[in-house]
file upload03.txt (compact mmCIF, C-alpha atoms)
# COMPACT_ATOMS: atom_id res chain seq x y z
CA GLU A 1 23.73 13.65 5.06
CA SER A 2 25.43 10.29 5.51
CA ASN A 3 24.76 6.73 4.40
CA VAL A 4 23.37 4.45 7.08
CA ILE A 5 23.95 0.69 6.99
CA PHE A 6 22.15 -1.93 9.10
CA ASN A 7 23.61 -5.45 9.09
CA ARG A 8 22.41 -8.47 11.05
CA TYR A 9 23.02 -12.12 10.19
CA CYS A 10 21.53 -15.33 11.59
CA LEU A 11 22.83 -18.84 11.08
CA GLY A 12 20.48 -21.17 9.24
CA ASP A 13 20.34 -24.64 7.71
CA LEU A 14 20.07 -25.02 3.96
CA GLN A 15 17.16 -27.26 2.97
CA PRO A 16 17.03 -29.61 -0.08
CA ASP A 17 14.62 -27.26 -1.90
CA GLY A 18 17.05 -24.36 -1.57
CA SER A 19 15.21 -22.62 1.29
CA VAL A 20 16.81 -21.89 4.66
CA THR A 21 15.46 -22.90 8.08
CA PHE A 22 16.58 -20.70 10.95
CA ASN A 23 17.26 -21.82 14.48
CA ASP A 24 14.77 -20.06 16.75
CA GLU A 25 17.45 -19.66 19.39
CA ASN A 26 19.37 -17.34 17.04
CA ILE A 27 16.50 -15.04 16.08
CA LYS A 28 14.14 -14.95 19.03
CA ASN A 29 12.88 -11.41 19.73
CA PRO A 30 15.47 -9.39 17.79
CA ASP A 31 15.60 -5.79 18.93
CA PRO A 32 13.70 -3.36 16.69
CA ILE A 33 15.38 -0.42 15.01
CA VAL A 34 13.52 2.57 16.47
CA PHE A 35 13.04 6.05 15.00
CA ASN A 36 12.16 8.53 17.76
CA SER A 37 12.09 11.65 15.59
CA ASP A 38 12.58 12.79 11.99
CA PHE A 39 15.44 10.88 10.37
CA THR A 40 17.16 12.05 7.18
CA VAL A 41 19.92 10.09 5.41
CA ALA A 42 21.56 10.07 2.01
CA ASN A 43 21.03 6.31 1.50
CA MET A 44 19.77 3.65 3.87
CA PHE A 45 20.96 0.08 3.39
CA ALA A 46 19.83 -2.96 5.37
CA ARG A 47 21.12 -6.50 4.87
CA ILE A 48 19.45 -8.64 7.50
CA ASN A 49 18.89 -12.20 6.42
CA HIS A 50 15.88 -13.03 8.56
CA TYR A 51 13.79 -10.41 10.41
CA VAL A 52 13.82 -6.67 11.03
CA ASP A 53 11.29 -4.29 12.54
CA PHE A 54 11.75 -0.58 11.82
CA GLN A 55 9.59 1.07 14.47
CA PHE A 56 8.33 4.64 14.65
CA ALA A 57 8.03 5.45 18.35
CA ALA A 58 5.66 7.81 20.16
CA ALA A 59 5.91 11.29 18.65
CA GLU A 60 3.58 13.87 17.15
CA SER A 61 5.11 13.35 13.72
CA ILE A 62 8.03 11.34 12.31
CA THR A 63 9.30 11.45 8.74
CA LEU A 64 11.93 9.06 7.38
CA THR A 65 13.65 10.73 4.41
CA ALA A 66 16.25 9.13 2.14
CA LYS A 67 17.58 9.40 -1.38
CA GLU A 68 17.43 5.61 -1.62
CA ILE A 69 16.37 2.75 0.64
CA ASN A 70 17.89 -0.66 -0.15
CA LEU A 71 16.56 -3.67 1.78
CA ASN A 72 18.62 -6.74 0.93
CA SER A 73 17.99 -10.46 1.53
CA ILE A 74 15.44 -9.97 4.32
CA THR A 75 12.89 -12.69 4.93
CA ASN A 76 10.52 -10.45 6.90
CA ALA A 77 10.78 -6.64 7.05
CA HIS A 78 8.29 -4.54 9.01
CA PHE A 79 7.80 -0.77 9.16
CA THR A 80 5.67 -0.45 12.30
CA LYS A 81 3.82 2.64 13.48
CA THR A 82 3.57 2.65 17.28
CA THR A 83 2.69 6.33 17.62
CA ALA A 84 -0.70 8.02 17.46
CA GLY A 85 0.92 10.83 15.49
CA GLU A 86 1.85 10.92 11.80
CA VAL A 87 4.42 8.67 10.15
CA ASN A 88 5.65 9.48 6.66
CA ILE A 89 8.28 7.78 4.50
CA HIS A 90 9.80 9.82 1.67
CA VAL A 91 12.33 8.33 -0.77
CA ASP A 92 13.57 10.71 -3.45
CA GLY A 93 14.92 7.85 -5.54
CA ARG A 94 14.34 4.11 -5.45
CA PHE A 95 12.94 1.89 -2.74
CA LEU A 96 14.72 -1.39 -3.53
CA TRP A 97 13.53 -4.78 -2.33
CA VAL A 98 16.47 -7.06 -3.15
CA GLY A 99 16.16 -10.83 -2.82
CA GLY A 100 13.77 -10.62 0.11
CA ASN A 101 10.42 -12.26 0.77
CA ASN A 102 7.87 -10.42 2.92
CA LEU A 103 7.55 -6.63 3.20
CA TYR A 104 5.03 -5.12 5.62
CA LEU A 105 4.39 -1.36 5.57
CA GLY A 106 2.24 -0.50 8.59
CA SER A 107 -0.26 -2.79 10.28
CA SER A 108 -3.96 -3.01 11.08
CA THR A 109 -3.32 -1.14 14.34
CA GLY A 110 -1.13 1.55 12.82
CA PHE A 111 -1.44 2.73 9.24
CA ILE A 112 1.55 4.58 7.80
CA ASP A 113 0.20 8.02 6.83
CA SER A 114 2.09 8.43 3.57
CA PHE A 115 4.73 6.69 1.49
CA TYR A 116 6.46 8.35 -1.46
CA ALA A 117 9.17 6.91 -3.70
CA ASP A 118 10.24 7.68 -7.22
CA ALA A 119 10.23 3.90 -7.78
CA ILE A 120 9.49 0.67 -5.93
CA ASP A 121 11.69 -2.00 -7.51
CA VAL A 122 12.01 -5.73 -6.94
CA MET A 123 15.47 -7.14 -7.61
CA GLY A 124 16.66 -10.73 -7.46
CA ASN A 125 14.65 -13.94 -7.74
CA PRO A 126 13.10 -14.89 -4.37
CA LYS A 127 11.04 -18.08 -4.16
CA THR A 128 8.15 -16.18 -2.54
CA LEU A 129 7.27 -12.50 -2.55
CA LEU A 130 4.67 -10.62 -0.48
CA PHE A 131 3.91 -6.90 -0.16
CA ASP A 132 1.43 -6.08 2.63
CA PHE A 133 0.59 -2.37 2.67
CA TYR A 134 -1.32 -0.61 5.45
CA VAL A 135 -0.74 2.91 4.12
CA ASN A 136 -3.18 5.80 3.80
CA LYS A 137 -1.45 7.28 0.75
CA ILE A 138 1.14 5.83 -1.65
CA ASP A 139 2.60 7.88 -4.49
CA CYS A 140 5.18 6.43 -6.90
CA ALA A 141 6.31 7.23 -10.43
CA SER A 142 6.90 3.53 -11.14
CA THR A 143 6.39 0.21 -9.37
CA SER A 144 7.60 -3.30 -10.18
CA PHE A 145 6.08 -6.32 -8.46
CA VAL A 146 7.99 -8.84 -10.62
CA SER A 147 11.27 -10.71 -9.98
CA ASP A 148 14.26 -10.24 -12.27
CA ASN A 149 13.65 -13.51 -14.14
CA GLY A 150 9.99 -12.64 -14.69
CA THR A 151 8.63 -15.78 -13.00
CA ILE A 152 7.46 -14.43 -9.64
CA SER A 153 4.96 -11.62 -9.14
CA ALA A 154 4.40 -10.43 -5.60
CA THR A 155 1.24 -11.17 -3.69
CA VAL A 156 0.08 -7.60 -3.10
CA ASN A 157 -2.32 -6.81 -0.25
CA LEU A 158 -3.64 -3.24 -0.12
CA HIS A 159 -5.54 -2.35 3.04
CA ILE A 160 -7.94 0.59 3.10
CA ASN A 161 -8.35 2.91 6.08
CA LYS A 162 -9.22 6.46 5.02
CA LEU A 163 -11.39 7.07 1.97
CA SER A 164 -11.01 10.42 0.24
CA ALA A 165 -12.28 11.92 -2.98
CA ASP A 166 -8.95 13.76 -3.36
CA GLY A 167 -7.03 11.48 -5.74
CA PRO A 168 -6.14 7.77 -5.54
CA ILE A 169 -5.04 6.11 -2.32
CA PHE A 170 -2.48 4.00 -4.21
CA ASN A 171 -0.78 5.75 -7.11
CA PHE A 172 1.74 3.22 -8.44
CA GLY A 173 2.53 5.04 -11.70
CA THR A 174 4.01 2.81 -14.38
CA THR A 175 3.36 -0.60 -12.84
CA THR A 176 4.50 -4.11 -13.78
CA LYS A 177 2.91 -7.33 -12.59
CA LEU A 178 2.35 -10.75 -14.12
CA LYS A 179 -0.91 -10.99 -16.02
CA ASP A 180 -2.38 -13.82 -13.92
CA ASN A 181 -1.61 -12.22 -10.55
CA VAL A 182 -4.40 -10.37 -8.76
CA ILE A 183 -4.06 -7.47 -6.34
CA ASN A 184 -5.94 -7.98 -3.07
CA ILE A 185 -7.83 -4.94 -1.80
CA ASP A 186 -9.26 -5.17 1.71
CA PHE A 187 -11.80 -2.74 3.19
CA SER A 188 -11.93 -4.50 6.58
CA SER A 189 -10.14 -1.58 8.29
CA ALA A 190 -11.93 1.18 6.38
CA ASP A 191 -13.47 4.10 8.23
CA VAL A 192 -16.88 4.21 6.53
CA GLU A 193 -18.90 6.02 9.19
CA GLY A 194 -20.69 8.90 7.52
CA LEU A 195 -19.34 7.93 4.09
CA SER A 196 -21.11 10.10 1.54
CA ALA A 197 -22.15 9.20 -1.99
CA GLY A 198 -19.58 9.79 -4.68
CA GLU A 199 -16.51 8.40 -6.42
CA TYR A 200 -13.43 7.32 -4.46
CA GLU A 201 -10.28 6.50 -6.41
CA ILE A 202 -8.61 3.48 -4.89
CA LEU A 203 -5.75 2.70 -7.27
CA PHE A 204 -4.09 4.25 -10.31
CA VAL A 205 -1.59 2.81 -12.80
CA ASP A 206 -0.67 4.63 -15.98
CA SER A 207 -1.13 3.56 -19.61
CA TRP A 208 2.44 2.17 -19.87
CA SER A 209 1.75 -0.42 -17.16
CA GLU A 210 1.96 -4.15 -17.89
CA GLY A 211 -0.08 -7.14 -16.72
CA PHE A 212 -3.43 -5.40 -16.31
CA ALA A 213 -6.71 -6.15 -18.08
CA GLU A 214 -8.45 -3.66 -20.31
CA GLY A 215 -11.13 -1.42 -18.87
CA GLY A 216 -14.42 -2.96 -17.82
CA SER A 217 -12.92 -6.08 -16.23
CA LEU A 218 -12.13 -6.50 -12.53
CA THR A 219 -10.12 -9.68 -13.05
CA ASP A 220 -6.93 -8.03 -11.76
CA PHE A 221 -8.46 -7.46 -8.33
CA ASN A 222 -9.73 -9.53 -5.43
CA ILE A 223 -11.83 -7.07 -3.41
CA ASN A 224 -12.97 -7.77 0.14
CA ASP A 225 -15.88 -5.37 0.59
CA ASP A 226 -17.67 -7.33 3.33
CA LEU A 227 -17.60 -4.31 5.65
CA LEU A 228 -19.32 -2.11 3.08
CA ASN A 229 -21.99 -4.75 2.61
CA ALA A 230 -22.45 -5.24 6.35
CA MET A 231 -22.92 -1.49 6.81
CA GLY A 232 -25.56 -1.44 4.09
CA ILE A 233 -23.53 0.86 1.84
CA GLU A 234 -24.73 0.45 -1.73
CA HIS A 235 -21.71 0.53 -3.99
CA ASN A 236 -19.88 -0.86 -6.99
CA PHE A 237 -16.39 -0.82 -8.46
CA THR A 238 -15.26 0.27 -11.91
CA TRP A 239 -11.94 -0.22 -13.72
CA ASP A 240 -11.08 1.67 -16.91
CA GLY A 241 -7.63 0.12 -17.41
CA GLU A 242 -5.90 2.75 -15.27
CA ASN A 243 -8.22 3.74 -12.43
CA LEU A 244 -9.97 1.50 -9.90
CA VAL A 245 -12.86 3.49 -8.44
CA LEU A 246 -15.29 2.81 -5.61
CA ASN A 247 -18.68 4.29 -6.47
CA VAL A 248 -20.93 4.88 -3.46
CA VAL A 249 -24.58 5.12 -4.47
CA PRO A 250 -26.81 7.70 -2.73
CA GLU A 251 -29.23 6.41 -0.13
CA PRO A 252 -32.88 6.21 -1.37
CA ALA A 253 -33.82 8.89 1.17
CA ASP A 254 -31.13 11.18 -0.24
CA VAL A 255 -32.38 10.60 -3.77
CA ALA A 256 -35.99 11.29 -2.71
CA ALA A 257 -34.94 14.50 -0.95
CA PHE A 258 -33.02 15.66 -3.99
CA LEU A 259 -35.94 14.90 -6.32
CA GLY A 260 -38.31 16.71 -3.98
CA PHE A 261 -36.05 19.75 -3.96
CA ALA A 262 -35.82 19.65 -7.75
CA VAL A 263 -39.62 19.55 -8.10
CA LEU A 264 -40.03 22.50 -5.74
CA ALA A 265 -37.35 24.47 -7.59
CA PHE A 266 -39.00 23.75 -10.93
CA ALA A 267 -42.41 24.82 -9.61
CA PHE A 268 -40.92 28.03 -8.21
CA ILE A 269 -39.30 28.88 -11.54
CA ARG A 270 -42.58 28.26 -13.41
CA ARG A 271 -44.48 30.57 -11.06
CA ARG A 272 -41.96 33.32 -11.61
CA LYS A 273 -42.45 32.98 -15.35

call {"tool": "encode", "arguments": {"input": "upload03.txt", "output": "structure tokens"}}
result
Amino acid sequence: ESNVIFNRYCLGDLQPDGSVTFNDENIKNPDPIVFNSDFTVANMFARINHYVDFQFAAAESITLTAKEINLNSITNAHFTKTTAGEVNIHVDGRFLWVGGNNLYLGSSTGFIDSFYADAIDVMGNPKTLLFDFYVNKIDCASTSFVSDNGTISATVNLHINKLSADGPIFNFGTTTKLKDNVINIDFSSADVEGLSAGEYEILFVDSWSEGFAEGGSLTDFNINDDLLNAMGIEHNFTWDGENLVLNVVPEPADVAAFLGFAVLAFAFIRRRK
């Protein structure tokens, strides 16, 4: 296994507020970095000061595996699924977002199937910070959404596609965010056809996490459940300080059928006695 380094630099003009404006002529339609099959590296480094698109091309399954991924000083970084097959990202160590601004994992037209990292870490002190995740399953031991100086907490957008009763969709482990920052959870892309009653774990953070309210309060979350409402799915959300759960309430017809079955069963048992 070897280290892989991607470097690309664009000339820009420093603005009075410290930001940089890029000349469109320098950055128009940069070529994507395309993975056509499974790709395994020791460490993957990218220092690209404006835009990069890591694309997963048409294949039945592609897995990107690394001991560490370090994305440095990137204004906009995309991991784009263009295949109808599976795309998985597996990082044995840290996934480092260093001094960058906007990170997009997947998109509304192509959800990444799974993302694993021992840690997601923010390093540096960017003026703005956005994490936009279209991922069906995230599993991390620890996650930091806060800049080094503790003044910026990322805007975090979590998009829902597949709902499953088998564990949380987003397991961030020991998670750090600023107390006043909310996590946006969007069900607009959720596959809710035939959704059965029950509990669906959406997000988990452990008891050592910082910046989250105690159980019973949903103040840490901005939930767009318009699709659930439009489909007439009766539901609610609960937060116990570690687990955010979607509770789908049984349809009245289902409840009536269950009660009818219970009455018949009770009558049968009484007759046997």

call {"tool": "residues_around", "arguments": {"input": "upload03.txt", "residues": "Ser188 of chain A", "least_positions_apart": "5", "cutoff": "9 Å", "atoms": "only C-alpha atoms", "output": "PDB file with C-alpha atoms, in the coordinates of the input"}}
result
ATOM      1  CA  HIS A 159      -5.540  -2.350   3.040  1.00  0.00           C
ATOM      2  CA  ILE A 160      -7.940   0.590   3.100  1.00  0.00           C
ATOM      3  CA  ASN A 161      -8.350   2.910   6.080  1.00  0.00           C
ATOM      4  CA  ASN A 224     -12.970  -7.770   0.140  1.00  0.00           C
ATOM      5  CA  ASP A 225     -15.880  -5.370   0.590  1.00  0.00           C
ATOM      6  CA  ASP A 226     -17.670  -7.330   3.330  1.00  0.00           C
ATOM      7  CA  LEU A 227     -17.600  -4.310   5.650  1.00  0.00           C
ATOM      8  CA  LEU A 228     -19.320  -2.110   3.080  1.00  0.00           C
TER       9      LEU A 228
END

call {"tool": "closest_residue", "arguments": {"input": "upload03.txt", "among": "A:Ala59, A:Leu14, A:Ala117, A:Ala230", "to": "Asp38 of chain A", "atoms": "only C-alpha atoms"}}
result
A:Ala59

call {"tool": "closest_residue", "arguments": {"input": "upload03.txt", "among": "A:His50, A:Asp113, A:Ile152, A:Val4", "to": "Thr21 of chain A", "atoms": "all atoms listed in the file"}}
result
A:His50

call {"tool": "residues_around", "arguments": {"input": "upload03.txt", "residues": "Asp240 of chain A", "least_positions_apart": "4", "cutoff": "9 Å", "atoms": "all atoms listed in the file", "output": "list in words"}}
result
Glu214, Gly215, Gly216, Ser217, Leu244 and Val245 of chain A

call {"tool": "closest_atom_pairs", "arguments": {"input": "upload03.txt", "of": "segment 139-204 of chain A", "to": "segment 92-109 of chain A", "cutoff": "12 Å", "atoms": "all atoms listed in the file", "output": "JSON lines"}}
result
{"residue": "A:Asp139", "atom": "CA", "partner": "A:Asp92", "partner_atom": "CA", "distance": 11.4}
{"residue": "A:Cys140", "atom": "CA", "partner": "A:Arg94", "partner_atom": "CA", "distance": 9.6}
{"residue": "A:Ala141", "atom": "CA", "partner": "A:Gly93", "partner_atom": "CA", "distance": 9.9}
{"residue": "A:Ser142", "atom": "CA", "partner": "A:Arg94", "partner_atom": "CA", "distance": 9.4}
{"residue": "A:Thr143", "atom": "CA", "partner": "A:Phe95", "partner_atom": "CA", "distance": 9.5}
{"residue": "A:Ser144", "atom": "CA", "partner": "A:Leu96", "partner_atom": "CA", "distance": 9.9}
{"residue": "A:Phe145", "atom": "CA", "partner": "A:Trp97", "partner_atom": "CA", "distance": 9.8}
{"residue": "A:Val146", "atom": "CA", "partner": "A:Trp97", "partner_atom": "CA", "distance": 10.8}
{"residue": "A:Ser147", "atom": "CA", "partner": "A:Gly99", "partner_atom": "CA", "distance": 8.7}
{"residue": "A:Asp148", "atom": "CA", "partner": "A:Gly99", "partner_atom": "CA", "distance": 9.7}
{"residue": "A:Asn149", "atom": "CA", "partner": "A:Gly99", "partner_atom": "CA", "distance": 11.9}
{"residue": "A:Ile152", "atom": "CA", "partner": "A:Asn101", "partner_atom": "CA", "distance": 11.0}
{"residue": "A:Ser153", "atom": "CA", "partner": "A:Asn101", "partner_atom": "CA", "distance": 11.3}
{"residue": "A:Ala154", "atom": "CA", "partner": "A:Asn101", "partner_atom": "CA", "distance": 9.0}
{"residue": "A:Thr155", "atom": "CA", "partner": "A:Asn102", "partner_atom": "CA", "distance": 9.4}
{"residue": "A:Val156", "atom": "CA", "partner": "A:Leu103", "partner_atom": "CA", "distance": 9.8}
{"residue": "A:Asn157", "atom": "CA", "partner": "A:Tyr104", "partner_atom": "CA", "distance": 9.6}
{"residue": "A:Leu158", "atom": "CA", "partner": "A:Leu105", "partner_atom": "CA", "distance": 10.0}
{"residue": "A:His159", "atom": "CA", "partner": "A:Ser108", "partner_atom": "CA", "distance": 8.2}
{"residue": "A:Ile160", "atom": "CA", "partner": "A:Ser108", "partner_atom": "CA", "distance": 9.6}
{"residue": "A:Asn161", "atom": "CA", "partner": "A:Ser108", "partner_atom": "CA", "distance": 8.9}
{"residue": "A:Asp186", "atom": "CA", "partner": "A:Ser108", "partner_atom": "CA", "distance": 11.0}
{"residue": "A:Phe187", "atom": "CA", "partner": "A:Ser108", "partner_atom": "CA", "distance": 11.1}
{"residue": "A:Ser188", "atom": "CA", "partner": "A:Ser108", "partner_atom": "CA", "distance": 9.3}
{"residue": "A:Ser189", "atom": "CA", "partner": "A:Ser108", "partner_atom": "CA", "distance": 6.9}
{"residue": "A:Ala190", "atom": "CA", "partner": "A:Ser108", "partner_atom": "CA", "distance": 10.2}

call {"tool": "write_last_selection", "arguments": {"input": "upload03.txt", "atoms": "C-alpha atoms", "output": "PDB file, in the coordinates of the input"}}
result
ATOM      1  CA  ASP A 139       2.600   7.880  -4.490  1.00  0.00           C
ATOM      2  CA  CYS A 140       5.180   6.430  -6.900  1.00  0.00           C
ATOM      3  CA  ALA A 141       6.310   7.230 -10.430  1.00  0.00           C
ATOM      4  CA  SER A 142       6.900   3.530 -11.140  1.00  0.00           C
ATOM      5  CA  THR A 143       6.390   0.210  -9.370  1.00  0.00           C
ATOM      6  CA  SER A 144       7.600  -3.300 -10.180  1.00  0.00           C
ATOM      7  CA  PHE A 145       6.080  -6.320  -8.460  1.00  0.00           C
ATOM      8  CA  VAL A 146       7.990  -8.840 -10.620  1.00  0.00           C
ATOM      9  CA  SER A 147      11.270 -10.710  -9.980  1.00  0.00           C
ATOM     10  CA  ASP A 148      14.260 -10.240 -12.270  1.00  0.00           C
ATOM     11  CA  ASN A 149      13.650 -13.510 -14.140  1.00  0.00           C
ATOM     12  CA  ILE A 152       7.460 -14.430  -9.640  1.00  0.00           C
ATOM     13  CA  SER A 153       4.960 -11.620  -9.140  1.00  0.00           C
ATOM     14  CA  ALA A 154       4.400 -10.430  -5.600  1.00  0.00           C
ATOM     15  CA  THR A 155       1.240 -11.170  -3.690  1.00  0.00           C
ATOM     16  CA  VAL A 156       0.080  -7.600  -3.100  1.00  0.00           C
ATOM     17  CA  ASN A 157      -2.320  -6.810  -0.250  1.00  0.00           C
ATOM     18  CA  LEU A 158      -3.640  -3.240  -0.120  1.00  0.00           C
ATOM     19  CA  HIS A 159      -5.540  -2.350   3.040  1.00  0.00           C
ATOM     20  CA  ILE A 160      -7.940   0.590   3.100  1.00  0.00           C
ATOM     21  CA  ASN A 161      -8.350   2.910   6.080  1.00  0.00           C
ATOM     22  CA  ASP A 186      -9.260  -5.170   1.710  1.00  0.00           C
ATOM     23  CA  PHE A 187     -11.800  -2.740   3.190  1.00  0.00           C
ATOM     24  CA  SER A 188     -11.930  -4.500   6.580  1.00  0.00           C
ATOM     25  CA  SER A 189     -10.140  -1.580   8.290  1.00  0.00           C
ATOM     26  CA  ALA A 190     -11.930   1.180   6.380  1.00  0.00           C
TER      27      ALA A 190
END

call {"tool": "closest_residue", "arguments": {"input": "upload03.txt", "among": "A:Asn88, A:Thr40, A:Asn229, A:Asn222", "to": "Ile138 of chain A", "atoms": "all atoms listed in the file"}}
result
A:Asn88

call {"tool": "axis_aligned_box", "arguments": {"input": "upload03.txt", "around": "segment 104-112 of chain A", "padding_each_side": "8 Å", "output": "lines of an AutoDock Vina configuration file"}}
result
center_x = 0.5
center_y = -0.3
center_z = 10.0
size_x = 25.0
size_y = 25.7
size_z = 24.8

call {"tool": "closest_atom_pairs", "arguments": {"input": "upload03.txt", "of": "segment 114-135 of chain A", "to": "segment 75-82 of chain A", "cutoff": "10 Å", "atoms": "all atoms listed in the file", "output": "JSON lines"}}
result
{"residue": "A:Pro126", "atom": "CA", "partner": "A:Thr75", "partner_atom": "CA", "distance": 9.6}
{"residue": "A:Thr128", "atom": "CA", "partner": "A:Thr75", "partner_atom": "CA", "distance": 9.5}
{"residue": "A:Leu129", "atom": "CA", "partner": "A:Thr75", "partner_atom": "CA", "distance": 9.4}
{"residue": "A:Leu130", "atom": "CA", "partner": "A:Asn76", "partner_atom": "CA", "distance": 9.4}
{"residue": "A:Phe131", "atom": "CA", "partner": "A:Ala77", "partner_atom": "CA", "distance": 10.0}
{"residue": "A:Asp132", "atom": "CA", "partner": "A:His78", "partner_atom": "CA", "distance": 9.5}
{"residue": "A:Phe133", "atom": "CA", "partner": "A:Phe79", "partner_atom": "CA", "distance": 9.8}
{"residue": "A:Tyr134", "atom": "CA", "partner": "A:Thr80", "partner_atom": "CA", "distance": 9.8}

call {"tool": "residues_around", "arguments": {"input": "upload03.txt", "residues": "Ala197 of chain A", "least_positions_apart": "2", "cutoff": "10 Å", "atoms": "only C-alpha atoms", "output": "PyMOL selection string"}}
result
chain A and resi 194-195+199-200+233-235+247-251+254

call {"tool": "atom_distance", "arguments": {"input": "upload03.txt", "atom1": "atom CA of Gly241 of chain A", "atom2": "atom CA of Lys137 of chain A"}}
result
20.5 Å

call {"tool": "atom_distance", "arguments": {"input": "upload03.txt", "atom1": "atom CA of Gly198 of chain A", "atom2": "atom CA of Val87 of chain A"}}
result
28.2 Å

call {"tool": "atom_distance", "arguments": {"input": "upload03.txt", "atom1": "atom CA of Thr174 of chain A", "atom2": "atom CA of Ile112 of chain A"}}
result
22.4 Å

call {"tool": "closest_residue", "arguments": {"input": "upload03.txt", "among": "A:Phe170, A:Phe45, A:Phe6, A:Phe237", "to": "Glu68 of chain A", "atoms": "all atoms listed in the file"}}
result
A:Phe45

call {"tool": "residues_near_point", "arguments": {"input": "upload03.txt", "point": "(13.9, 10.4, 18.5)", "cutoff": "10 Å", "atoms": "only C-alpha atoms", "output": "NGL selection string"}}
result
:A and (34-39 or 56-59 or 62)

call {"tool": "residues_around", "arguments": {"input": "upload03.txt", "residues": "Ala213 of chain A", "least_positions_apart": "4", "cutoff": "12 Å", "atoms": "all atoms listed in the file", "output": "list in words"}}
result
Lys177, Leu178, Lys179, Asp180, Asn181, Val182, Val205, Ser207, Ser209, Ser217, Leu218, Thr219, Asp220, Phe221, Trp239, Asp240, Gly241, Glu242, Asn243 and Leu244 of chain A

call {"tool": "closest_residue", "arguments": {"input": "upload03.txt", "among": "A:Asn171, A:Asn43, A:Thr176, A:Ser114", "to": "Glu86 of chain A", "atoms": "all atoms listed in the file"}}
result
A:Ser114
